[in-house]
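Q: Below is the structure I would like to discuss, written out as structure tokens.
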Amino acid sequence: MSSTSMPVDRYEVAINVPRGPLTTSVDVPSGFVPIATIVPLARQLGEQASVEEVRGAVEEGATISCKDGCAACCRMMVPLSPPEAFALRDHIDSLPKAERDRFMRKIDDAKAALRHAGLLEPLIELAKTPKPLADSDMDALNHAYYALRLPCPFLEAGRCGIYEHRPSACRELLVTSPADLCQDLAHNAVQPLPVPIRVSTVLGLLWADLTDKIPRLIPLPLALNWATEHEPEGRRVWKGGDLLDQTLDKVWRLLSQTMGEKQC
Ligand code: SF4
């Protein structure tokens with residue numbers, strides 16, 4: 001279902017992020033839409049909060065080291081929330097066949113490398129598990145994945161091949177430590193900028209509420225398969241305004257946790 005020609009309602013959103021109040025307008029389709037529709041809106045909020053975080057850090061004297069063409073972090077495991085997996089599937093499906101086929105081949109190559117390293121099965125389990133993984137197990141998977149230094153299947157000539165549609169996790173990693181340190185994220189003391197609104201967590205919680213399942217994060221090389229296997233759920237529709245309300249509820253909940261912790 002496409003929402004591009006649908007009339008929209010404009011909402012004024014006001015939230016308190018760690019760097020102060022943030023107000024913005026978001027256009028939400030008036031009718032019933034699939035879950036992928038909320039992804040760009042949630043990312044818009046996350047990116048505006050991130051702009052405030054960058055502004056505050058720079059005013060305090062920090063330098064953001066991340067620059068166009070640096071892809072040092074594109075060898076980490078990128079987790080997607082289910083709504084983002086559906087949105088990525090929609091984007092890849094919309095590409096010209098040659099481009100789509102090229103990405104699909106690279107995803108197959110990445111899966112073959114993961115299988116060879118004994119990591120594919122644990123990642124498939126992660127995408128399917130009916131109960132959340134312990135933090136220590138998740139850390140072990142992240143370390144094993146990064147140890148492979150496997151380039152993201154969407155990385156092309158050192159640049160993101162899906163830049164406008166890249167997952168939230170990719171948008172949120174900014175560092176203030178020297179860029180050289182990112183060549184070995186496992187052993188160097190990299191300083192990441194705090195993430196005011198972790199959008200994949202927000203969307204994961206939203207999807208869990210809507211489907212009455214556990215919050216789930218899907219490793220990027222498996223996201224398209226996951227979205228295809230769950231296509232009927234991806235086609236379910238909700239009222240656009242309700243999706244925004246529920247998204248904001250999760251944003252507020254996470255922000256109050258983060259900011260409450262900071263004040264303690
Ligand atoms: S999706 Fe793009 S930004 Fe994210 S890891 Fe892959 S190449 Fe890098």
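Letters for chains follow the order of the structure tokens (A, B, ...), residue numbers begin at 1 for each chain, and ligand numbers begin at 1 in the order shown.
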Using only C-alpha atoms, determine which residues lie at most 7 Å from stretch 17-34 of chain A, disregarding the query and same-chain residues fewer than 2 positions distant; provide the list as a PyMOL selection string.

A: chain A and resi 3+6-15+36-37+41+49+52-53+56+196+234-241+255+259

Q: Save the residues we just selected, C-alpha atoms, as an mmCIF file, in the first residue's frame?

A:
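The resulting part_38.cif:
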data_model
loop_
_atom_site.group_PDB
_atom_site.id
_atom_site.type_symbol
_atom_site.label_atom_id
_atom_site.label_comp_id
_atom_site.auth_asym_id
_atom_site.auth_seq_id
_atom_site.Cartn_x
_atom_site.Cartn_y
_atom_site.Cartn_z
ATOM 1 C CA SER A 3 0.824 6.426 1.265
ATOM 2 C CA MET A 6 -2.667 10.251 0.665
ATOM 3 C CA PRO A 7 -3.737 13.490 2.367
ATOM 4 C CA VAL A 8 -1.710 14.284 5.459
ATOM 5 C CA ASP A 9 -2.383 15.889 8.824
ATOM 6 C CA ARG A 10 0.291 18.151 10.248
ATOM 7 C CA TYR A 11 1.178 17.627 13.917
ATOM 8 C CA GLU A 12 3.269 19.964 16.031
ATOM 9 C CA VAL A 13 5.485 17.849 18.268
ATOM 10 C CA ALA A 14 7.189 19.194 21.392
ATOM 11 C CA ILE A 15 9.597 16.995 23.347
ATOM 12 C CA ALA A 36 6.818 1.255 7.343
ATOM 13 C CA THR A 37 5.145 4.662 6.950
ATOM 14 C CA LEU A 41 8.815 10.244 10.748
ATOM 15 C CA ALA A 49 17.359 15.462 18.442
ATOM 16 C CA GLU A 52 20.757 19.378 19.039
ATOM 17 C CA GLU A 53 23.192 16.901 20.601
ATOM 18 C CA GLY A 56 25.673 21.190 22.225
ATOM 19 C CA PRO A 196 19.163 11.234 22.491
ATOM 20 C CA GLY A 234 4.023 -5.688 6.924
ATOM 21 C CA ARG A 235 0.821 -5.108 4.987
ATOM 22 C CA ARG A 236 -1.360 -4.583 8.079
ATOM 23 C CA VAL A 237 -2.554 -0.997 8.399
ATOM 24 C CA TRP A 238 -3.130 1.395 11.289
ATOM 25 C CA LYS A 239 -4.379 4.966 11.414
ATOM 26 C CA GLY A 240 -1.435 7.279 10.775
ATOM 27 C CA GLY A 241 -2.233 9.544 13.748
ATOM 28 C CA LEU A 255 13.666 9.991 27.133
ATOM 29 C CA MET A 259 17.047 11.928 31.490
#

Q: Which residues are close to stretch 132-138 of chain A, i.e. within 9 Å by only C-alpha atoms, leaving aside same-chain residues fewer than 5 positions away? Reply as a PyMOL selection string.

A: chain A and resi 126+143+214-216

Q: Which residue gives the smallest distance to ligand 1 among A:Leu95, A:Met76, A:Val39, A:Ala113, with only C-alpha atoms and all ligand atoms counted?

A: A:Met76

Q: Go through A:Ser94, A:Thr211, A:Thr63, A:Ser168 one by one, measure the shortest atom-to-atom distance of each to ligand 1 using only C-alpha atoms and all ligand atoms, and give the residue with the smallest value.

A: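 Closest to ligand 1, using only C-alpha atoms and all ligand atoms: A:Ser168.
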
Q: Give me the chain A side of the contact with ligand 1, cut-off 6 Å, one line per residue showing its nearest atom pair and distance in Å at one decimal, counting only C-alpha atoms and all ligand atoms, sorted by chain and residue number, as a tab-separated table.

A:
residue	atom	partner	partner_atom_place_in_ligand_line	distance
A:Cys74	CA	ligand 1	5 (S)	3.8
A:Cys152	CA	ligand 1	6 (Fe)	4.6
A:Phe154	CA	ligand 1	7 (S)	4.6
A:Leu155	CA	ligand 1	7 (S)	3.8
A:Cys160	CA	ligand 1	7 (S)	3.9
A:Ile162	CA	ligand 1	2 (Fe)	5.9
A:Tyr163	CA	ligand 1	2 (Fe)	5.8
A:Arg166	CA	ligand 1	1 (S)	4.6
A:Cys170	CA	ligand 1	4 (Fe)	4.5

Q: Here is a test: counting only C-alpha atoms, which residue of A:Glu233, A:Glu60, A:Glu99, A:Asp90 is nearest to A:Gly161?

A: A:Glu99

Q: Select from stretch 12-220 of chain A everything DSSP, run on the backbone, classes as helix (DSSP H, G or I), then give the selection as an mmCIF file with C-alpha atoms, in the first residue's frame.

A:
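New file out17.cif:
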data_model
loop_
_atom_site.group_PDB
_atom_site.id
_atom_site.type_symbol
_atom_site.label_atom_id
_atom_site.label_comp_id
_atom_site.auth_asym_id
_atom_site.auth_seq_id
_atom_site.Cartn_x
_atom_site.Cartn_y
_atom_site.Cartn_z
ATOM 1 C CA ILE A 35 3.971 0.303 9.720
ATOM 2 C CA ALA A 36 6.818 1.255 7.343
ATOM 3 C CA THR A 37 5.145 4.662 6.950
ATOM 4 C CA ILE A 38 6.144 5.689 10.462
ATOM 5 C CA VAL A 39 9.851 4.973 9.866
ATOM 6 C CA PRO A 40 10.821 8.275 8.161
ATOM 7 C CA LEU A 41 8.815 10.244 10.748
ATOM 8 C CA ALA A 42 10.559 8.540 13.660
ATOM 9 C CA ARG A 43 13.931 9.068 11.956
ATOM 10 C CA GLN A 44 13.084 12.747 11.465
ATOM 11 C CA LEU A 45 12.579 13.115 15.233
ATOM 12 C CA GLY A 46 15.754 11.161 15.981
ATOM 13 C CA GLU A 47 17.839 13.225 13.575
ATOM 14 C CA GLN A 48 16.527 16.541 14.887
ATOM 15 C CA ALA A 49 17.359 15.462 18.442
ATOM 16 C CA SER A 50 20.784 14.394 17.192
ATOM 17 C CA VAL A 51 21.350 17.831 15.596
ATOM 18 C CA GLU A 52 20.757 19.378 19.039
ATOM 19 C CA GLU A 53 23.192 16.901 20.601
ATOM 20 C CA VAL A 54 25.865 17.743 18.005
ATOM 21 C CA ARG A 55 25.282 21.478 18.448
ATOM 22 C CA GLY A 56 25.673 21.190 22.225
ATOM 23 C CA ALA A 57 28.805 19.020 21.969
ATOM 24 C CA VAL A 58 30.451 21.397 19.475
ATOM 25 C CA GLU A 59 29.642 24.387 21.716
ATOM 26 C CA PRO A 82 10.864 -4.742 12.304
ATOM 27 C CA PRO A 83 9.339 -1.500 10.898
ATOM 28 C CA GLU A 84 12.752 -0.610 9.469
ATOM 29 C CA ALA A 85 13.127 -4.085 7.965
ATOM 30 C CA PHE A 86 9.803 -3.586 6.149
ATOM 31 C CA ALA A 87 10.865 -0.082 5.022
ATOM 32 C CA LEU A 88 14.190 -1.425 3.707
ATOM 33 C CA ARG A 89 12.387 -4.211 1.850
ATOM 34 C CA ASP A 90 10.074 -1.602 0.244
ATOM 35 C CA HIS A 91 13.074 0.483 -0.800
ATOM 36 C CA ILE A 92 15.005 -2.427 -2.299
ATOM 37 C CA ASP A 93 11.872 -3.596 -4.134
ATOM 38 C CA SER A 94 11.515 -0.111 -5.657
ATOM 39 C CA LYS A 97 16.331 -4.563 -11.319
ATOM 40 C CA ALA A 98 20.097 -4.344 -11.938
ATOM 41 C CA GLU A 99 20.671 -2.407 -8.729
ATOM 42 C CA ARG A 100 18.355 -4.648 -6.732
ATOM 43 C CA ASP A 101 20.075 -7.778 -8.080
ATOM 44 C CA ARG A 102 23.501 -6.351 -7.224
ATOM 45 C CA PHE A 103 22.491 -5.699 -3.613
ATOM 46 C CA MET A 104 20.844 -9.109 -3.327
ATOM 47 C CA ARG A 105 24.026 -10.798 -4.558
ATOM 48 C CA LYS A 106 26.071 -8.872 -1.993
ATOM 49 C CA ILE A 107 23.632 -9.863 0.761
ATOM 50 C CA ASP A 108 23.956 -13.507 -0.311
ATOM 51 C CA ASP A 109 27.766 -13.156 -0.206
ATOM 52 C CA ALA A 110 27.563 -11.670 3.299
ATOM 53 C CA LYS A 111 25.339 -14.525 4.458
ATOM 54 C CA ALA A 112 27.762 -17.065 2.964
ATOM 55 C CA ALA A 113 30.651 -15.435 4.872
ATOM 56 C CA LEU A 114 28.583 -15.484 8.072
ATOM 57 C CA ARG A 115 27.708 -19.144 7.530
ATOM 58 C CA HIS A 116 31.375 -19.970 6.946
ATOM 59 C CA LEU A 120 24.582 -17.273 10.381
ATOM 60 C CA GLU A 121 22.581 -19.690 12.533
ATOM 61 C CA PRO A 122 22.958 -17.626 15.742
ATOM 62 C CA LEU A 123 21.872 -14.527 13.805
ATOM 63 C CA ILE A 124 18.846 -16.322 12.368
ATOM 64 C CA GLU A 125 17.988 -17.396 15.920
ATOM 65 C CA LEU A 126 18.361 -13.792 17.066
ATOM 66 C CA ALA A 127 15.903 -12.631 14.405
ATOM 67 C CA LYS A 128 13.387 -15.320 15.433
ATOM 68 C CA ASP A 135 23.163 -8.658 27.154
ATOM 69 C CA SER A 136 26.245 -10.879 27.493
ATOM 70 C CA ASP A 137 25.080 -13.111 24.595
ATOM 71 C CA MET A 138 24.324 -10.047 22.492
ATOM 72 C CA ASP A 139 27.781 -8.609 23.245
ATOM 73 C CA ALA A 140 29.401 -11.904 22.235
ATOM 74 C CA LEU A 141 27.520 -11.881 18.913
ATOM 75 C CA ASN A 142 28.459 -8.258 18.245
ATOM 76 C CA HIS A 143 32.130 -8.991 18.943
ATOM 77 C CA ALA A 144 32.179 -12.117 16.781
ATOM 78 C CA TYR A 145 30.489 -10.230 13.926
ATOM 79 C CA TYR A 146 32.910 -7.302 14.119
ATOM 80 C CA ALA A 147 35.886 -9.671 14.305
ATOM 81 C CA TYR A 163 22.243 6.511 2.207
ATOM 82 C CA GLU A 164 18.767 8.127 2.333
ATOM 83 C CA HIS A 165 17.283 4.812 3.467
ATOM 84 C CA SER A 168 18.657 4.351 12.229
ATOM 85 C CA ALA A 169 21.571 2.573 13.898
ATOM 86 C CA CYS A 170 23.846 3.857 11.098
ATOM 87 C CA ARG A 171 22.565 7.436 11.526
ATOM 88 C CA GLU A 172 23.087 7.432 15.271
ATOM 89 C CA ALA A 179 38.711 9.011 13.283
ATOM 90 C CA ASP A 180 41.801 6.747 13.237
ATOM 91 C CA LEU A 181 40.559 5.020 16.379
ATOM 92 C CA CYS A 182 37.494 3.757 14.480
ATOM 93 C CA GLN A 183 39.740 1.429 12.466
ATOM 94 C CA ASP A 184 39.590 -0.929 15.440
ATOM 95 C CA VAL A 199 14.981 5.171 16.934
ATOM 96 C CA SER A 200 15.434 1.421 16.407
ATOM 97 C CA THR A 201 14.538 0.889 20.082
ATOM 98 C CA VAL A 202 11.488 3.161 19.769
ATOM 99 C CA LEU A 203 10.280 1.344 16.657
ATOM 100 C CA GLY A 204 11.057 -2.058 18.160
ATOM 101 C CA LEU A 205 8.909 -1.226 21.192
ATOM 102 C CA LEU A 206 6.154 0.128 18.955
ATOM 103 C CA TRP A 207 6.090 -3.053 16.874
ATOM 104 C CA ALA A 208 6.107 -5.204 20.015
ATOM 105 C CA ASP A 209 3.043 -3.356 21.330
ATOM 106 C CA LEU A 210 1.200 -3.508 18.016
ATOM 107 C CA THR A 211 1.809 -7.222 17.529
ATOM 108 C CA LEU A 220 20.926 -6.216 8.593
#

Q: Let me make sure I understand: among A:Ala71, A:Leu248, A:Ala186, A:Leu193, which one has the smallest atom-to-atom distance to A:Glu156 if we use only C-alpha atoms?

A: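 The shortest atom-to-atom distance to A:Glu156 comes from A:Ala71.
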
Q: Between A:Lys67, A:Gly61, A:Ser81, A:Pro96, single out the one closest to A:Val175, counting only C-alpha atoms.

A: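 Of A:Lys67, A:Gly61, A:Ser81, A:Pro96, the one nearest A:Val175 is A:Lys67, counting only C-alpha atoms.
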
Q: In Å to one decimal, how far is atom CA of A:Val78 from atom CA of A:Ala223?

A: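 Separation between atom CA of A:Ala223 and atom CA of A:Val78: 10.0 Å.
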
Q: Using DSSP secondary structure from the backbone, list all strand (DSSP E or B) positions within stretch 75-210 of chain A, as a PyMOL selection string.

A: chain A and resi 79-80+155-156+159-160+175+192

Q: State, in Å with one decimal place, the distance from atom CA of A:Ala157 to atom CA of A:Pro178.

A: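 Separation between atom CA of A:Ala157 and atom CA of A:Pro178: 22.3 Å.
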
Q: When you draw a straight line from atom CA of A:Gln191 to atom CA of A:Cys73, how long is it in Å?

A: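 The value is 13.0 Å.
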